[in-house]
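Shown next: protein_22.pdb, containing PDB, C-alpha atoms.
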ATOM      1  CA  MET A 254      -8.914   1.422  32.593
ATOM      2  CA  THR A 255     -10.682  -1.913  32.790
ATOM      3  CA  TRP A 256     -10.804  -4.523  30.041
ATOM      4  CA  ASP A 257     -14.533  -3.915  29.565
ATOM      5  CA  GLU A 258     -13.783  -0.249  28.889
ATOM      6  CA  MET A 259     -10.957  -1.037  26.484
ATOM      7  CA  VAL A 260     -12.725  -3.611  24.315
ATOM      8  CA  PRO A 261     -15.170  -1.204  22.563
ATOM      9  CA  LEU A 262     -12.371   1.288  21.933
ATOM     10  CA  LEU A 263     -10.063  -1.403  20.567
ATOM     11  CA  ARG A 264     -12.821  -2.804  18.370
ATOM     12  CA  GLN A 265     -13.565   0.616  16.888
ATOM     13  CA  GLY A 266      -9.885   1.424  16.456
ATOM     14  CA  THR A 267      -9.235  -1.886  14.721
ATOM     15  CA  LEU A 268     -12.160  -1.369  12.345
ATOM     16  CA  GLU A 269     -10.904   2.120  11.473
ATOM     17  CA  THR A 270      -7.379   0.811  10.874
ATOM     18  CA  LEU A 271      -8.738  -1.954   8.637
ATOM     19  CA  GLN A 272     -10.853   0.553   6.748
ATOM     20  CA  MET A 273      -7.859   2.795   6.102
ATOM     21  CA  THR A 274      -5.676  -0.134   5.110
ATOM     22  CA  VAL A 275      -8.176  -1.900   2.839
ATOM     23  CA  TRP A 276      -9.221   1.170   0.850
ATOM     24  CA  SER A 277      -5.707   2.547   0.509
ATOM     25  CA  THR A 278      -4.488  -0.920  -0.555
ATOM     26  CA  LEU A 279      -7.144  -1.087  -3.267
ATOM     27  CA  PHE A 280      -6.270   2.339  -4.672
ATOM     28  CA  THR A 281      -2.549   1.620  -4.330
ATOM     29  CA  ALA A 282      -2.831  -1.678  -6.197
ATOM     30  CA  LEU A 283      -4.581   0.061  -9.085
ATOM     31  CA  GLY A 284      -2.406   3.172  -9.225
ATOM     32  CA  GLY A 285       0.871   1.423  -8.435
ATOM     33  CA  THR A 286       0.322  -1.311 -11.017
ATOM     34  CA  LEU A 287      -0.520   1.223 -13.731
ATOM     35  CA  LEU A 288       2.502   3.359 -12.871
ATOM     36  CA  GLY A 289       4.820   0.346 -12.677
ATOM     37  CA  VAL A 290       3.630  -0.947 -16.062
ATOM     38  CA  LEU A 291       4.181   2.483 -17.618
ATOM     39  CA  LEU A 292       7.711   2.606 -16.204
ATOM     40  CA  VAL A 293       8.531  -0.712 -17.868
ATOM     41  CA  LEU A 294       6.789   0.055 -21.155
ATOM     42  CA  THR A 295       8.379   3.473 -21.669
ATOM     43  CA  GLU A 296      11.968   2.575 -20.784
ATOM     44  CA  ARG A 297      14.578   2.082 -23.505
ATOM     45  CA  GLY A 298      13.969  -1.317 -25.074
ATOM     46  CA  GLY A 299      10.423  -1.462 -23.717
ATOM     47  CA  LEU A 300       7.297  -2.212 -25.690
ATOM     48  CA  LEU A 301       6.551   1.504 -26.002
ATOM     49  CA  PRO A 302       9.907   3.268 -25.506
ATOM     50  CA  VAL A 303       9.505   6.951 -24.655
ATOM     51  CA  PRO A 304      12.612   7.873 -22.612
ATOM     52  CA  ALA A 305      11.390  11.400 -21.829
ATOM     53  CA  VAL A 306       8.134  10.120 -20.329
ATOM     54  CA  ASN A 307      10.027   7.404 -18.481
ATOM     55  CA  LYS A 308      12.311   9.981 -16.869
ATOM     56  CA  VAL A 309       9.373  12.113 -15.768
ATOM     57  CA  LEU A 310       7.559   9.101 -14.294
ATOM     58  CA  GLY A 311      10.746   7.946 -12.597
ATOM     59  CA  ALA A 312      11.265  11.386 -11.067
ATOM     60  CA  ILE A 313       7.675  11.459  -9.770
ATOM     61  CA  VAL A 314       8.123   8.029  -8.196
ATOM     62  CA  ASN A 315      11.437   8.989  -6.613
ATOM     63  CA  ILE A 316      10.015  12.193  -5.168
ATOM     64  CA  GLY A 317       7.004  10.347  -3.795
ATOM     65  CA  ARG A 318       9.211   7.739  -2.130
ATOM     66  CA  SER A 319      11.469  10.413  -0.642
ATOM     67  CA  LEU A 320       8.767  12.195   1.348
ATOM     68  CA  PRO A 321       8.261  10.965   4.924
ATOM     69  CA  PHE A 322       4.628  10.002   5.434
ATOM     70  CA  VAL A 323       3.919  12.411   8.282
ATOM     71  CA  ILE A 324       5.281  15.353   6.274
ATOM     72  CA  LEU A 325       3.325  14.302   3.192
ATOM     73  CA  MET A 326       0.133  13.984   5.217
ATOM     74  CA  MET A 327       0.461  17.523   6.535
ATOM     75  CA  ALA A 328       1.624  18.991   3.218
ATOM     76  CA  ILE A 329      -1.426  17.812   1.280
ATOM     77  CA  ILE A 330      -4.033  18.846   3.852
ATOM     78  CA  PRO A 331      -5.610  21.376   1.435
ATOM     79  CA  PHE A 332      -5.809  18.714  -1.284
ATOM     80  CA  THR A 333      -7.267  16.170   1.134
ATOM     81  CA  ARG A 334      -9.857  18.647   2.353
ATOM     82  CA  ALA A 335     -10.816  19.549  -1.216
ATOM     83  CA  LEU A 336     -11.109  15.873  -2.182
ATOM     84  CA  VAL A 337     -13.044  14.399   0.756
ATOM     85  CA  GLY A 338     -14.320  17.496   2.540
ATOM     86  CA  THR A 339     -12.211  17.113   5.677
ATOM     87  CA  SER A 340      -8.595  16.763   6.720
ATOM     88  CA  ILE A 341      -9.143  14.607   9.803
ATOM     89  CA  GLY A 342     -10.648  11.191  10.359
ATOM     90  CA  THR A 343     -10.356   7.811   8.712
ATOM     91  CA  GLN A 344     -11.670   8.872   5.321
ATOM     92  CA  ALA A 345      -9.213  11.753   5.099
ATOM     93  CA  ALA A 346      -6.281   9.524   6.073
ATOM     94  CA  ILE A 347      -6.884   7.267   3.060
ATOM     95  CA  VAL A 348      -5.736  10.050   0.707
ATOM     96  CA  PRO A 349      -2.158  10.491   2.009
ATOM     97  CA  LEU A 350      -1.886   6.763   2.687
ATOM     98  CA  THR A 351      -2.619   6.058  -0.970
ATOM     99  CA  LEU A 352      -0.372   8.810  -2.315
ATOM    100  CA  SER A 353       2.532   7.634  -0.187
ATOM    101  CA  ALA A 354       2.115   3.960  -1.100
ATOM    102  CA  ILE A 355       1.596   4.224  -4.880
ATOM    103  CA  PRO A 356       5.223   5.204  -5.672
ATOM    104  CA  PHE A 357       6.485   2.522  -3.299
ATOM    105  CA  TYR A 358       4.412  -0.211  -4.908
ATOM    106  CA  ALA A 359       5.113   1.079  -8.428
ATOM    107  CA  ARG A 360       8.812   0.337  -7.964
ATOM    108  CA  LEU A 361       7.998  -3.155  -6.726
ATOM    109  CA  VAL A 362       5.763  -3.707  -9.765
ATOM    110  CA  GLU A 363       8.534  -2.462 -12.029
ATOM    111  CA  THR A 364      11.003  -4.889 -10.441
ATOM    112  CA  ALA A 365       8.574  -7.824 -10.737
ATOM    113  CA  LEU A 366       7.881  -7.105 -14.406
ATOM    114  CA  ARG A 367      11.570  -6.831 -15.238
ATOM    115  CA  GLU A 368      12.109 -10.313 -13.825
ATOM    116  CA  VAL A 369       9.804 -11.822 -16.463
ATOM    117  CA  ASP A 370      11.844 -13.896 -18.924
ATOM    118  CA  PRO A 371      12.428 -11.732 -22.040
ATOM    119  CA  GLY A 372      12.204 -14.921 -24.091
ATOM    120  CA  VAL A 373       8.546 -15.295 -23.150
ATOM    121  CA  VAL A 374       7.827 -11.750 -24.319
ATOM    122  CA  ALA A 375       9.763 -12.323 -27.553
ATOM    123  CA  ALA A 376       7.801 -15.507 -28.201
ATOM    124  CA  ALA A 377       4.507 -13.667 -27.722
ATOM    125  CA  GLN A 378       5.628 -10.960 -30.124
ATOM    126  CA  ALA A 379       6.660 -13.596 -32.683
ATOM    127  CA  MET A 380       3.159 -15.072 -32.513
ATOM    128  CA  GLY A 381       1.655 -11.683 -33.319
ATOM    129  CA  ALA A 382       0.392 -10.728 -29.860
ATOM    130  CA  SER A 383      -0.563  -7.076 -29.437
ATOM    131  CA  ARG A 384       0.943  -4.819 -26.787
ATOM    132  CA  GLY A 385      -2.211  -5.150 -24.705
ATOM    133  CA  GLN A 386      -2.104  -8.931 -24.887
ATOM    134  CA  ILE A 387       1.580  -8.986 -23.942
ATOM    135  CA  ILE A 388       0.915  -6.745 -20.950
ATOM    136  CA  TRP A 389      -2.110  -8.651 -19.632
ATOM    137  CA  LYS A 390      -1.395 -12.229 -20.681
ATOM    138  CA  VAL A 391       2.396 -12.302 -20.455
ATOM    139  CA  LEU A 392       3.957  -9.621 -18.258
ATOM    140  CA  LEU A 393       1.328  -9.331 -15.533
ATOM    141  CA  ARG A 394       0.515 -13.037 -15.587
ATOM    142  CA  GLU A 395       4.123 -14.198 -15.342
ATOM    143  CA  ALA A 396       4.912 -11.593 -12.681
ATOM    144  CA  ARG A 397       2.006 -12.531 -10.371
ATOM    145  CA  PRO A 398       4.144 -14.032  -7.572
ATOM    146  CA  GLY A 399       6.329 -10.928  -7.478
ATOM    147  CA  LEU A 400       3.338  -8.615  -7.653
ATOM    148  CA  VAL A 401       1.612 -10.357  -4.755
ATOM    149  CA  ALA A 402       4.816 -10.393  -2.705
ATOM    150  CA  GLY A 403       5.245  -6.682  -3.354
ATOM    151  CA  LEU A 404       1.643  -5.960  -2.442
ATOM    152  CA  THR A 405       2.084  -7.878   0.810
ATOM    153  CA  VAL A 406       5.047  -5.693   1.737
ATOM    154  CA  THR A 407       3.041  -2.612   0.791
ATOM    155  CA  VAL A 408       0.034  -3.600   2.927
ATOM    156  CA  ILE A 409       2.284  -4.114   5.934
ATOM    157  CA  ALA A 410       3.807  -0.682   5.346
ATOM    158  CA  LEU A 411       0.310   0.799   5.121
ATOM    159  CA  ILE A 412      -0.608  -0.698   8.492
ATOM    160  CA  GLY A 413       2.358   1.123   9.969
ATOM    161  CA  TYR A 414       1.483   4.334   8.124
ATOM    162  CA  SER A 415      -2.117   4.091   9.367
ATOM    163  CA  ALA A 416      -0.831   4.080  12.932
ATOM    164  CA  MET A 417       1.124   7.273  12.195
ATOM    165  CA  ALA A 418      -1.965   8.785  10.567
ATOM    166  CA  GLY A 419      -3.874   8.133  13.783
ATOM    167  CA  ALA A 420      -1.292  10.134  15.701
ATOM    168  CA  ILE A 421      -2.282  13.301  13.841
ATOM    169  CA  GLY A 422      -6.039  12.934  13.540
ATOM    170  CA  GLY A 423      -6.519   9.901  11.306
ATOM    171  CA  GLY A 424      -8.272   7.720  13.860
ATOM    172  CA  GLY A 425      -7.632   3.989  14.270
ATOM    173  CA  LEU A 426      -5.261   2.240  16.619
ATOM    174  CA  GLY A 427      -2.638   4.968  16.300
ATOM    175  CA  ASP A 428      -5.081   7.513  17.672
ATOM    176  CA  LEU A 429      -5.864   5.244  20.626
ATOM    177  CA  ALA A 430      -2.160   4.747  21.292
ATOM    178  CA  ILE A 431      -1.618   8.498  21.507
ATOM    179  CA  ARG A 432      -4.745   9.405  23.484
ATOM    180  CA  TYR A 433      -4.678   6.558  25.972
ATOM    181  CA  GLY A 434      -1.279   4.895  25.860
ATOM    182  CA  TYR A 435       0.841   8.061  25.671
ATOM    183  CA  GLN A 436      -1.205  10.932  27.080
ATOM    184  CA  ARG A 437      -2.967   8.977  29.842
ATOM    185  CA  PHE A 438      -0.240   6.412  30.527
ATOM    186  CA  GLU A 439      -2.608   3.467  30.046
ATOM    187  CA  THR A 440      -0.032   0.710  29.710
ATOM    188  CA  GLY A 441      -2.655  -1.992  29.236
ATOM    189  CA  MET A 442      -4.167  -0.132  26.297
ATOM    190  CA  MET A 443      -0.765   0.376  24.696
ATOM    191  CA  LEU A 444       0.123  -3.308  25.032
ATOM    192  CA  ALA A 445      -3.233  -4.352  23.568
ATOM    193  CA  ILE A 446      -2.685  -2.045  20.577
ATOM    194  CA  LEU A 447       0.798  -3.458  20.002
ATOM    195  CA  VAL A 448      -0.571  -7.005  20.080
ATOM    196  CA  LEU A 449      -3.316  -6.119  17.598
ATOM    197  CA  LEU A 450      -0.888  -4.442  15.186
ATOM    198  CA  ILE A 451       1.503  -7.393  15.370
ATOM    199  CA  ALA A 452      -1.389  -9.786  14.774
ATOM    200  CA  LEU A 453      -2.552  -7.803  11.726
ATOM    201  CA  VAL A 454       0.927  -7.856  10.241
ATOM    202  CA  GLN A 455       1.316 -11.581  10.853
ATOM    203  CA  VAL A 456      -2.042 -12.356   9.228
ATOM    204  CA  VAL A 457      -1.233 -10.253   6.161
ATOM    205  CA  GLN A 458       2.238 -11.772   5.814
ATOM    206  CA  SER A 459       0.911 -15.322   6.164
ATOM    207  CA  LEU A 460      -1.820 -14.774   3.579
ATOM    208  CA  GLY A 461       0.653 -13.127   1.221
ATOM    209  CA  ASP A 462       3.163 -15.960   1.556
ATOM    210  CA  LEU A 463       0.411 -18.520   0.925
ATOM    211  CA  ALA A 464      -0.745 -16.709  -2.209
ATOM    212  CA  VAL A 465       2.831 -16.419  -3.531
ATOM    213  CA  ARG A 466       3.459 -20.141  -2.999
ATOM    214  CA  ARG A 467       0.282 -21.097  -4.835
ATOM    215  CA  LEU A 468       0.971 -18.764  -7.741
ATOM    216  CA  THR A 469       4.571 -19.959  -7.989
ATOM    217  CA  HIS A 470       3.484 -23.604  -8.301
ATOM    218  CA  LYS A 471       1.030 -22.875 -11.117
TER
END

What's the structure tokens form of this structure?
Amino acid sequence: MTWDEMVPLLRQGTLETLQMTVWSTLFTALGGTLLGVLLVLTERGGLLPVPAVNKVLGAIVNIGRSLPFVILMMAIIPFTRALVGTSIGTQAAIVPLTLSAIPFYARLVETALREVDPGVVAAAQAMGASRGQIIWKVLLREARPGLVAGLTVTVIALIGYSAMAGAIGGGGLGDLAIRYGYQRFETGMMLAILVLLIALVQVVQSLGDLAVRRLTHK
């Protein structure tokens, strides 16, 4: 396969991988942050202690983190088809990508929130701040470096998951790697895909590190 033949395929595969990663990152950030906040709020000694709810949420997170992505993707095919109308393609892959990443990021959010100085929370409570104000203006604000660092790790994991999704019908660079690099022994295509994936990871890590440094210095 010539370079001229590979370029359009690589461009399309990269766009599909970015689409899967960006949308699943957005949904993961929303769902994972909400779940992580609830884990911290409902634990013993939290702002809204409900141990029973905390145990249920913790069990859901643990189960979600225990399932290998490929197995999860196949197990929820009926749900994916009911939600987006198909079980193959980039749009369908976003569903399992999000469901696999939310529990992962929720634990990182929980860890970041627990690292917030309890004295800051106590001071806010002493000044009469409401639970909502403490969550938004104290916990989430003070934990921003940790939250961004955790999201960076999650995005990198999603890039890897997206490649696995491509191997079983999700499209993107993973699909190209299987169809051309593995089945047709196109070594050039495989090397190009590896370079692109490494470049994506490096860009995400660099941007994440930059954001963490800036938030830490504020």

Compile the contact shell of A:Ala305 as a tab-separated table (two decimals) with C-alpha atoms, in the frame of the given file: residues with an atom at most 9 Å away, counting only C-alpha atoms, same-chain residues fewer than 3 positions apart removed.
chain	number	residue	atom	x	y	z
A	295	THR	CA	8.38	3.47	-21.67
A	296	GLU	CA	11.97	2.58	-20.78
A	308	LYS	CA	12.31	9.98	-16.87
A	309	VAL	CA	9.37	12.11	-15.77
A	310	LEU	CA	7.56	9.10	-14.29

Target residues per the PyMOL selection byres ((chain A and resi 320-331) around 8), formatted as an MDAnalysis selection string: chainID A and resid 316:319 332:335 340 346 349:350 353 414 417:418

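Between A:Ala365 and the residues A:Ala416, A:Leu292, A:Leu336, A:Ile409, the shortest atom-to-atom distance, using only C-alpha atoms, involves A:Leu292.
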
Two-atom distance - atom CA of A:Thr364, atom CA of A:Thr351 (Å): 19.9 Å

Explicit residue set for the PyMOL selection byres ((chain A and resi 261-273) around 8), as a ChimeraX atom specification: /A:257-260,274-277,343-344,346-347,350,412,415-416,424-426,428-429,446,449

Counting only C-alpha atoms, the residue of A:Leu460, A:Leu352, A:Ala430, A:Ile313 that sits nearest A:Val448: A:Ala430

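You will find atom CA of A:Val369 at 14.8 Å from atom CA of A:Gly403.
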
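Ranking A:Met442, A:Ala359, A:Leu288, A:Leu392 by their shortest atom-to-atom distance to A:Pro371, with all atoms listed in the file included, puts A:Leu392 first.
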
Closest of A:Ile431, A:Ile387, A:Val337, A:Leu361 to A:Val406 - atom-to-atom distances counting all atoms listed in the file: A:Leu361

Shell around A:Leu468 at 10 Å using all atoms listed in the file, local window under 5 positions removed, as an MDAnalysis selection string: chainID A and resid 394:399 401 462:463
